[in-house]
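Enquirer: Contents are mmCIF, C-alpha atoms; file name query_24.cif:
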```
data_structure
#
loop_
_atom_site.label_atom_id
_atom_site.label_comp_id
_atom_site.auth_asym_id
_atom_site.auth_seq_id
_atom_site.Cartn_x
_atom_site.Cartn_y
_atom_site.Cartn_z
CA MET A 1 -11.22 63.62 9.20
CA ALA A 2 -11.60 61.82 12.54
CA ILE A 3 -12.89 58.62 10.88
CA ILE A 4 -10.03 56.37 9.80
CA VAL A 5 -10.61 53.58 7.28
CA ARG A 6 -8.69 50.41 8.23
CA LEU A 7 -9.41 48.62 4.98
CA ASP A 8 -5.75 47.93 4.22
CA ARG A 9 -5.32 46.02 7.49
CA LEU A 10 -8.34 43.83 6.78
CA MET A 11 -7.27 43.21 3.20
CA VAL A 12 -3.89 41.96 4.42
CA GLU A 13 -5.59 39.67 6.97
CA ARG A 14 -7.95 38.28 4.34
CA LYS A 15 -5.17 38.19 1.74
CA MET A 16 -7.24 40.07 -0.79
CA GLN A 17 -6.00 42.44 -3.49
CA LEU A 18 -7.59 45.83 -4.10
CA ASN A 19 -8.80 45.04 -7.61
CA GLU A 20 -10.28 41.75 -6.45
CA LEU A 21 -12.14 43.47 -3.62
CA ALA A 22 -13.38 46.22 -5.96
CA GLU A 23 -14.80 43.63 -8.34
CA GLU A 24 -16.49 41.69 -5.53
CA VAL A 25 -17.93 44.81 -3.93
CA GLY A 26 -19.06 46.29 -7.27
CA ILE A 27 -17.33 49.66 -7.17
CA THR A 28 -14.50 50.99 -9.30
CA LEU A 29 -10.90 50.48 -8.34
CA ALA A 30 -10.42 54.24 -8.17
CA ASN A 31 -13.28 54.66 -5.69
CA LEU A 32 -12.03 51.80 -3.54
CA SER A 33 -8.54 53.25 -3.57
CA ASN A 34 -9.95 56.63 -2.52
CA LEU A 35 -11.86 54.92 0.28
CA LYS A 36 -8.75 53.08 1.46
CA THR A 37 -6.71 56.28 1.54
CA GLY A 38 -9.46 58.26 3.27
CA LYS A 39 -10.12 60.64 0.39
CA VAL A 40 -13.86 60.11 0.26
CA LYS A 41 -16.36 62.23 2.15
CA ALA A 42 -19.10 59.64 2.64
CA VAL A 43 -19.82 55.95 2.27
CA ARG A 44 -23.17 54.50 1.36
CA PHE A 45 -24.60 51.78 3.57
CA SER A 46 -24.93 49.59 0.50
CA THR A 47 -21.18 49.87 -0.14
CA LEU A 48 -20.35 49.22 3.53
CA ASN A 49 -22.72 46.27 3.45
CA ALA A 50 -20.96 44.81 0.41
CA ILE A 51 -17.48 45.30 1.90
CA CYS A 52 -18.48 43.62 5.17
CA ARG A 53 -20.07 40.75 3.25
CA VAL A 54 -16.95 40.18 1.12
CA LEU A 55 -14.42 40.60 3.94
CA GLU A 56 -16.68 38.83 6.48
CA CYS A 57 -16.25 41.53 9.06
CA GLN A 58 -18.14 44.17 11.04
CA PRO A 59 -18.31 47.88 10.13
CA GLY A 60 -16.36 48.62 13.27
CA ASP A 61 -13.50 46.53 11.93
CA ILE A 62 -13.21 48.85 8.93
CA LEU A 63 -14.03 52.24 10.47
CA GLU A 64 -12.30 53.72 13.48
CA TYR A 65 -12.92 57.04 15.18
CA VAL A 66 -9.80 58.87 16.34
CA PRO A 67 -10.58 61.87 18.59
CA GLY A 68 -8.73 65.02 17.56
CA GLY A 69 -8.82 64.22 13.88
CA ASP A 70 -11.42 66.99 13.33
CA GLU A 71 -8.84 69.62 14.38
CA ASP A 72 -6.77 68.81 11.28
CA GLU A 73 -9.89 69.25 9.13
CA GLU A 74 -10.66 72.64 10.70
CA GLU A 75 -7.11 73.82 10.05
CA ASP A 76 -7.56 72.86 6.37
CA MET B 1 -27.33 52.21 -11.23
CA SER B 2 -30.49 50.41 -12.36
CA GLY B 3 -31.08 49.48 -16.00
CA SER B 4 -34.03 51.84 -16.41
CA THR B 5 -31.99 54.78 -15.05
CA SER B 6 -29.14 53.97 -17.43
CA GLN B 7 -31.59 53.81 -20.34
CA MET B 8 -33.12 57.15 -19.39
CA LEU B 9 -29.68 58.76 -19.12
CA ALA B 10 -28.69 57.31 -22.48
CA LYS B 11 -31.86 58.76 -24.01
CA TYR B 12 -31.06 62.24 -22.65
CA ARG B 13 -27.47 61.96 -23.84
CA ASN B 14 -28.70 61.14 -27.33
CA PHE B 15 -31.14 64.05 -27.17
CA ALA B 16 -28.29 66.33 -26.12
CA ARG B 17 -26.22 65.04 -29.03
CA TYR B 18 -28.88 65.83 -31.65
CA LEU B 19 -29.61 69.21 -30.08
CA GLY B 20 -25.89 69.88 -30.08
CA MET B 21 -25.70 69.25 -33.83
CA ALA B 22 -28.52 71.73 -34.48
CA VAL B 23 -26.94 74.29 -32.15
CA GLN B 24 -23.61 73.87 -33.91
CA VAL B 25 -25.31 74.73 -37.22
CA PHE B 26 -26.91 77.84 -35.68
CA PHE B 27 -23.54 78.87 -34.25
CA VAL B 28 -21.77 78.50 -37.59
CA VAL B 29 -24.51 80.41 -39.42
CA CYS B 30 -24.44 83.26 -36.88
CA ALA B 31 -20.66 83.42 -36.81
CA LEU B 32 -20.35 83.46 -40.61
CA SER B 33 -23.15 85.99 -40.99
CA GLY B 34 -21.54 88.18 -38.35
CA VAL B 35 -18.22 88.08 -40.17
CA ILE B 36 -19.95 88.96 -43.44
CA ALA B 37 -21.78 91.87 -41.79
CA LEU B 38 -18.53 93.11 -40.27
CA LEU B 39 -16.79 92.88 -43.64
CA ALA B 40 -19.68 94.79 -45.20
CA ALA B 41 -19.31 97.50 -42.56
CA CYS B 42 -15.61 97.76 -43.41
CA ILE B 43 -16.08 97.71 -47.19
CA ILE B 44 -19.14 99.95 -47.62
CA PRO B 45 -17.31 103.19 -46.68
CA PHE B 46 -14.97 102.59 -49.62
CA LEU B 47 -17.75 102.03 -52.14
CA PRO B 48 -18.98 104.92 -54.31
CA ALA B 49 -21.79 106.92 -52.72
CA SER B 50 -23.79 106.71 -55.93
CA ALA B 51 -24.39 103.02 -55.27
CA PHE B 52 -26.48 103.98 -52.23
CA ASP B 53 -28.46 106.84 -53.71
CA LEU B 54 -32.21 106.56 -53.40
CA LYS B 55 -33.24 108.67 -56.36
CA ALA B 56 -36.56 110.44 -56.64
CA GLY B 57 -38.71 108.68 -59.20
CA SER B 58 -36.82 105.38 -58.95
CA TYR B 59 -39.46 103.89 -56.70
CA HIS B 60 -43.07 104.91 -56.20
CA ASP B 61 -42.92 104.24 -52.49
CA VAL B 62 -40.79 102.42 -49.91
CA ASN B 63 -42.07 100.57 -46.83
CA LEU B 64 -40.01 101.37 -43.76
CA THR B 65 -40.22 99.19 -40.63
CA PHE B 66 -37.87 98.49 -37.75
CA ASP B 67 -39.91 96.22 -35.52
CA GLY B 68 -41.77 94.18 -38.13
CA PHE B 69 -45.17 95.20 -36.76
CA PHE B 70 -45.72 98.63 -38.25
CA ALA B 71 -44.58 99.78 -41.70
CA TYR B 72 -44.38 103.38 -42.80
CA THR B 73 -44.79 104.05 -46.50
CA VAL B 74 -42.44 106.71 -47.80
CA ASP B 75 -43.50 108.39 -51.04
CA ILE B 76 -40.16 108.62 -52.81
CA THR B 77 -41.57 110.59 -55.74
CA GLN B 78 -42.02 113.58 -53.45
CA THR B 79 -38.57 113.50 -51.83
CA GLU B 80 -35.21 114.54 -53.12
CA ALA B 81 -32.46 112.05 -53.77
CA VAL B 82 -31.20 110.54 -50.51
CA ASN B 83 -27.92 108.75 -49.85
CA LEU B 84 -28.32 105.67 -47.69
CA LYS B 85 -24.64 104.82 -47.27
CA SER B 86 -24.49 105.82 -43.61
CA ILE B 87 -27.61 103.79 -42.91
CA ALA B 88 -26.05 100.78 -44.64
CA VAL B 89 -22.85 101.09 -42.56
CA ALA B 90 -24.77 101.55 -39.32
CA GLY B 91 -27.04 98.62 -40.16
CA SER B 92 -24.05 96.38 -40.94
CA ILE B 93 -22.33 97.28 -37.67
CA LEU B 94 -25.51 96.65 -35.69
CA CYS B 95 -26.04 93.32 -37.46
CA SER B 96 -22.50 92.20 -36.78
CA CYS B 97 -22.83 93.06 -33.07
CA ILE B 98 -26.15 91.21 -32.75
CA LEU B 99 -24.86 88.18 -34.66
CA ALA B 100 -21.66 88.11 -32.56
CA GLY B 101 -23.75 88.04 -29.37
CA MET B 102 -25.96 85.30 -30.78
CA ALA B 103 -22.91 83.28 -31.86
CA ILE B 104 -21.48 83.48 -28.34
CA ILE B 105 -24.79 82.31 -26.89
CA TRP B 106 -25.04 79.38 -29.32
CA ARG B 107 -21.44 78.44 -28.53
CA GLN B 108 -22.12 78.39 -24.79
CA ILE B 109 -25.23 76.26 -25.36
CA ARG B 110 -23.17 73.86 -27.49
CA LEU B 111 -20.59 73.51 -24.68
CA ILE B 112 -23.35 72.90 -22.11
CA LEU B 113 -24.84 70.15 -24.27
CA ARG B 114 -21.39 68.60 -24.71
CA ALA B 115 -21.01 68.46 -20.93
CA VAL B 116 -24.41 66.73 -20.73
CA GLN B 117 -23.20 64.15 -23.27
CA GLU B 118 -20.15 63.55 -21.06
CA ASN B 119 -22.43 62.88 -18.06
CA GLN B 120 -21.42 66.15 -16.39
CA PRO B 121 -24.48 68.39 -16.63
CA PHE B 122 -23.68 70.09 -13.34
CA ALA B 123 -20.05 70.86 -14.11
CA ALA B 124 -18.93 74.17 -12.65
CA GLU B 125 -18.27 75.50 -16.14
CA ASN B 126 -21.94 75.09 -17.07
CA ALA B 127 -22.97 77.50 -14.33
CA LYS B 128 -20.48 80.03 -15.70
CA ARG B 129 -21.75 79.48 -19.25
CA LEU B 130 -25.32 80.10 -18.16
CA THR B 131 -24.19 83.27 -16.38
CA ILE B 132 -22.58 84.48 -19.61
CA ILE B 133 -25.78 83.75 -21.53
CA GLY B 134 -27.90 85.50 -18.89
CA PHE B 135 -25.82 88.67 -18.92
CA LEU B 136 -25.71 88.68 -22.71
CA MET B 137 -29.50 88.46 -22.82
CA LEU B 138 -29.84 91.24 -20.24
CA GLY B 139 -27.37 93.44 -22.09
CA GLY B 140 -28.93 92.56 -25.43
CA SER B 141 -32.42 93.55 -24.28
CA ILE B 142 -31.11 97.08 -23.80
CA GLY B 143 -28.28 97.19 -26.34
CA VAL B 144 -30.13 95.74 -29.32
CA LYS B 145 -33.08 98.03 -28.81
CA PHE B 146 -30.77 101.02 -28.40
CA GLY B 147 -28.97 100.13 -31.60
CA LEU B 148 -32.26 99.80 -33.45
CA PHE B 149 -33.35 103.14 -32.00
CA LEU B 150 -30.19 104.82 -33.30
CA LEU B 151 -30.64 103.19 -36.71
CA ALA B 152 -34.28 104.23 -36.89
CA ASP B 153 -33.42 107.76 -35.84
CA LEU B 154 -30.74 107.93 -38.52
CA ALA B 155 -33.19 106.66 -41.16
CA VAL B 156 -35.86 109.18 -40.10
CA ARG B 157 -33.40 112.07 -40.34
CA ARG B 158 -31.82 110.86 -43.59
CA LEU B 159 -35.12 110.30 -45.32
CA GLY B 160 -36.46 113.58 -43.95
CA LEU B 161 -39.61 111.97 -42.60
CA GLU B 162 -41.58 114.75 -41.01
CA ASN B 163 -44.23 112.84 -39.12
CA ALA B 164 -42.10 109.97 -37.89
CA SER B 165 -39.82 109.55 -34.88
CA ALA B 166 -37.81 106.82 -33.26
CA ASN B 167 -38.43 105.65 -29.71
CA PHE B 168 -36.21 103.69 -27.37
CA THR B 169 -37.66 100.81 -25.38
CA VAL B 170 -36.26 97.76 -23.60
CA GLU B 171 -37.10 94.32 -24.96
CA PRO B 172 -39.08 92.91 -22.00
CA ALA B 173 -39.10 89.26 -23.09
CA MET B 174 -35.32 89.20 -23.49
CA PHE B 175 -34.90 91.07 -20.18
CA VAL B 176 -37.00 88.56 -18.24
CA THR B 177 -35.36 85.63 -20.01
CA GLY B 178 -31.93 86.98 -19.07
CA PHE B 179 -32.93 87.13 -15.41
CA LEU B 180 -34.41 83.66 -15.58
CA ILE B 181 -31.18 82.27 -17.02
CA LEU B 182 -29.17 83.94 -14.26
CA VAL B 183 -31.41 82.24 -11.71
CA LEU B 184 -30.88 78.97 -13.56
CA ALA B 185 -27.11 79.57 -13.37
CA GLY B 186 -27.46 79.77 -9.59
CA VAL B 187 -29.38 76.51 -9.57
CA PHE B 188 -26.66 74.86 -11.64
CA HIS B 189 -24.03 76.20 -9.25
CA TYR B 190 -25.88 74.55 -6.38
CA GLY B 191 -26.22 71.44 -8.49
CA ASN B 192 -22.44 71.45 -8.94
CA ILE B 193 -21.96 71.47 -5.17
CA LEU B 194 -24.36 68.52 -4.81
CA GLN B 195 -22.61 66.71 -7.68
CA GLN B 196 -19.25 67.10 -5.93
CA GLU B 197 -20.75 65.68 -2.74
CA TYR B 198 -22.21 62.78 -4.72
CA ASP B 199 -18.94 62.10 -6.55
CA ALA B 200 -17.09 62.08 -3.23
CA THR B 201 -19.47 59.43 -1.87
CA VAL B 202 -18.49 55.80 -2.39
#
```
Is it possible to give me this structure as structure tokens?

Expert:
Amino acid sequence: MAIIVRLDRLMVERKMQLNELAEEVGITLANLSNLKTGKVKAVRFSTLNAICRVLECQPGDILEYVPGGDEDEEED
Amino acid sequence: MSGSTSQMLAKYRNFARYLGMAVQVFFVVCALSGVIALLAACIIPFLPASAFDLKAGSYHDVNLTFDGFFAYTVDITQTEAVNLKSIAVAGSILCSCILAGMAIIWRQIRLILRAVQENQPFAAENAKRLTIIGFLMLGGSIGVKFGLFLLADLAVRRLGLENASANFTVEPAMFVTGFLILVLAGVFHYGNILQQEYDATV
């Protein structure tokens, strides 16, 4: 997947734990963990909205596009 | 998830639970009856033939029907003694096969309802279960009728009925239902794909 989730970097900057963020955002810890590790296929705007609200950031701070990442997906 | 959606889902889960209890009863009844029929088919050959003799003069007449719509009255007083042992064995075997098929269908329905209770109506296994049910219905529409045809033919020959014959037909309602369930299995398979996409969305 060419979209990289930089949630771990932001969580370190904001000094927030995963379980705390999950509770604030309103999703399960498992789902948030999957999001952090890039195992999800899609993110709802409502979830992105909640994460940006809690971490006081922009969507671009969390999501990054890395060209060439789609080649790995095609090989899979 | 909104409160009204949760309430609706809870209502359907409860409905699935009560249906599941009824289906479990049907499954147990079919399975037990099938076992009894199979045991009868195994035991009857060892019973004395005299126990299955239809003696002339014992009954004035006997009503014979295989589809429940038409009944043929056999005047026993005019016929010689007939042994019905082979008919009893054939009937027991046919019954056990039909009841086994029905038990499998009830079991698959029970497992589908259990998946609904666990909030997984579109699990991949449910599509497979519906496929099994569909093929059983399709096969049963031909197989059950063929078995009844063989049984009827045996009865006609055994009783020496001169103006009666057995005909083979396919059960159209079961045939169409089988196809419909196979189509439904395809829909559930697609539903499974959508469910996976939904589950992978945060």

Enquirer: Kindly provide, as an NGL selection string, the residues of chain A having any atom no farther than 7 Å from an atom of chain B, counting only C-alpha atoms.

Expert: :A and (31 or 40-44 or 47)

Enquirer: Can you spit out the residues from that selection as a PDB file, in the frame of the given file, using C-alpha atoms?

Expert:
```pdb
ATOM      1  CA  ASN A  31     -13.280  54.660  -5.690  1.00  0.00           C
ATOM      2  CA  VAL A  40     -13.860  60.110   0.260  1.00  0.00           C
ATOM      3  CA  LYS A  41     -16.360  62.230   2.150  1.00  0.00           C
ATOM      4  CA  ALA A  42     -19.100  59.640   2.640  1.00  0.00           C
ATOM      5  CA  VAL A  43     -19.820  55.950   2.270  1.00  0.00           C
ATOM      6  CA  ARG A  44     -23.170  54.500   1.360  1.00  0.00           C
ATOM      7  CA  THR A  47     -21.180  49.870  -0.140  1.00  0.00           C
TER       8      THR A  47
END
```

Enquirer: At a cut-off of 12 Å, using only C-alpha atoms, what residues contact Leu182 in chain B? Leave out same-chain residues fewer than 4 positions from it and give the result as a PDB file with C-alpha atoms, keeping the file's coordinate frame.

Expert:
```pdb
ATOM      1  CA  ASN B 126     -21.940  75.090 -17.070  1.00  0.00           C
ATOM      2  CA  ALA B 127     -22.970  77.500 -14.330  1.00  0.00           C
ATOM      3  CA  LYS B 128     -20.480  80.030 -15.700  1.00  0.00           C
ATOM      4  CA  ARG B 129     -21.750  79.480 -19.250  1.00  0.00           C
ATOM      5  CA  LEU B 130     -25.320  80.100 -18.160  1.00  0.00           C
ATOM      6  CA  THR B 131     -24.190  83.270 -16.380  1.00  0.00           C
ATOM      7  CA  ILE B 132     -22.580  84.480 -19.610  1.00  0.00           C
ATOM      8  CA  ILE B 133     -25.780  83.750 -21.530  1.00  0.00           C
ATOM      9  CA  GLY B 134     -27.900  85.500 -18.890  1.00  0.00           C
ATOM     10  CA  PHE B 135     -25.820  88.670 -18.920  1.00  0.00           C
ATOM     11  CA  LEU B 136     -25.710  88.680 -22.710  1.00  0.00           C
ATOM     12  CA  MET B 137     -29.500  88.460 -22.820  1.00  0.00           C
ATOM     13  CA  LEU B 138     -29.840  91.240 -20.240  1.00  0.00           C
ATOM     14  CA  PHE B 175     -34.900  91.070 -20.180  1.00  0.00           C
ATOM     15  CA  VAL B 176     -37.000  88.560 -18.240  1.00  0.00           C
ATOM     16  CA  THR B 177     -35.360  85.630 -20.010  1.00  0.00           C
ATOM     17  CA  GLY B 178     -31.930  86.980 -19.070  1.00  0.00           C
ATOM     18  CA  GLY B 186     -27.460  79.770  -9.590  1.00  0.00           C
ATOM     19  CA  VAL B 187     -29.380  76.510  -9.570  1.00  0.00           C
ATOM     20  CA  PHE B 188     -26.660  74.860 -11.640  1.00  0.00           C
ATOM     21  CA  HIS B 189     -24.030  76.200  -9.250  1.00  0.00           C
TER      22      HIS B 189
END
```

Enquirer: When you draw a straight line from CA of Gly34 in chain B to CA of Trp106 in chain B, how long is it in Å?

Expert: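 Separation of CA of Gly34 in chain B and CA of Trp106 in chain B: 13.1 Å.
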
Enquirer: Have a look at CA of Gly160 in chain B and CA of Leu47 in chain B and let me know their distance in Å, one decimal.

Expert: 23.5 Å

Enquirer: Would you kindly return, as a count of residues only, each protein, DNA or RNA residue with an atom no farther than 9 Å from any atom of Asp61 in chain A, considering all atoms listed in the file and excluding same-chain residues fewer than 4 positions away?

Expert: 6

Enquirer: Residues picked by the PyMOL selection byres ((chain B and resi 85) around 10) here, as a list of chain:residue names?

Expert: B:Ile44, B:Pro45, B:Leu47, B:Pro48, B:Ala49, B:Ser50, B:Ala51, B:Phe52, B:Asp53, B:Leu54, B:Val82, B:Asn83, B:Leu84, B:Ser86, B:Ile87, B:Ala88, B:Val89, B:Ala90, B:Gly91

Enquirer: For a test of reading the model, state the distance in Å between CA of Phe27 in chain B and CA of Ala100 in chain B, rounded to one decimal.

Expert: 9.6 Å

Enquirer: Just so the selection is clear, what residues does the PyMOL selection byres ((chain A and resi 8) around 10) cover here, as a list of chain:residue names?

Expert: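 Taken on the displayed file, the PyMOL selection byres ((chain A and resi 8) around 10) yields the residues A:Val5, A:Arg6, A:Leu7, A:Arg9, A:Leu10, A:Met11, A:Val12, A:Glu13, A:Arg14, A:Met16, A:Gln17, A:Leu18, A:Ser33, A:Lys36, A:Thr37, A:Ile62.
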
Enquirer: Find, counting all atoms listed in the file, the residue in B:Val25, B:Ala37, B:Leu32, B:Leu154 that gets nearest to Ile109 in chain B.

Expert: B:Val25

Enquirer: Using all atoms listed in the file, which of B:Asn163, B:Ser141, B:Gln117, B:Asn14 sits nearest Tyr72 in chain B?

Expert: B:Asn163

Enquirer: So which residues get picked by the PyMOL selection byres ((chain B and resi 28) around 12) here, written as a ChimeraX atom specification?

Expert: /B:21-27,29-35,99-100,102-107,110

Enquirer: Could you list, as a list in words, every residue within 8 Å of Val156 in chain B, counting only C-alpha atoms and ignoring same-chain residues fewer than 6 positions away?

Expert: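 Once the adjacent positions are removed, what remains is Ala164, Ser165 and Ala166 of chain B.
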
Enquirer: Would you mind exporting the chosen residues as a PDB file, in the frame of the given file, restricted to C-alpha atoms?

Expert:
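After the write, part_14.pdb holds the following:
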```pdb
ATOM      1  CA  ALA B 164     -42.100 109.970 -37.890  1.00  0.00           C
ATOM      2  CA  SER B 165     -39.820 109.550 -34.880  1.00  0.00           C
ATOM      3  CA  ALA B 166     -37.810 106.820 -33.260  1.00  0.00           C
TER       4      ALA B 166
END
```

Enquirer: Considering all atoms listed in the file, can you say which of A:Lys15, A:Glu64, A:Ile27, A:Met1 comes closest to Ser46 in chain A?

Expert: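 Selected residue with least distance to Ser46 in chain A: A:Ile27.
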
Enquirer: Please identify all polymer residues within 12 Å of Arg53 in chain A, counting all atoms listed in the file, omitting same-chain residues fewer than 6 positions from it, and present them as a ChimeraX atom specification.

Expert: /A:21,24-26,45-47,59

Enquirer: Quick one: of A:Leu48, A:Gly38, A:Asn19, A:Ala30, who's nearest to Ala2 in chain A, counting all atoms listed in the file?

Expert: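 Using all atoms listed in the file, Ala2 in chain A sits closest to A:Gly38.
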
Enquirer: Axis-aligned box over every listed atom of range 165-169 of chain B, padded by 5 Å per side: centre and edges in Å to one decimal, as lines of an AutoDock Vina configuration file?

Expert:
```
center_x = -38.0
center_y = 105.2
center_z = -30.1
size_x = 13.6
size_y = 18.7
size_z = 19.5
```

Enquirer: Given all atoms listed in the file as the basis, pick out the residue of B:Ile93, B:Arg13, B:Pro121, B:Leu159 nearest to Val144 in chain B.

Expert: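 Once distances to Val144 in chain B are computed over all atoms listed in the file, the minimum belongs to B:Ile93.
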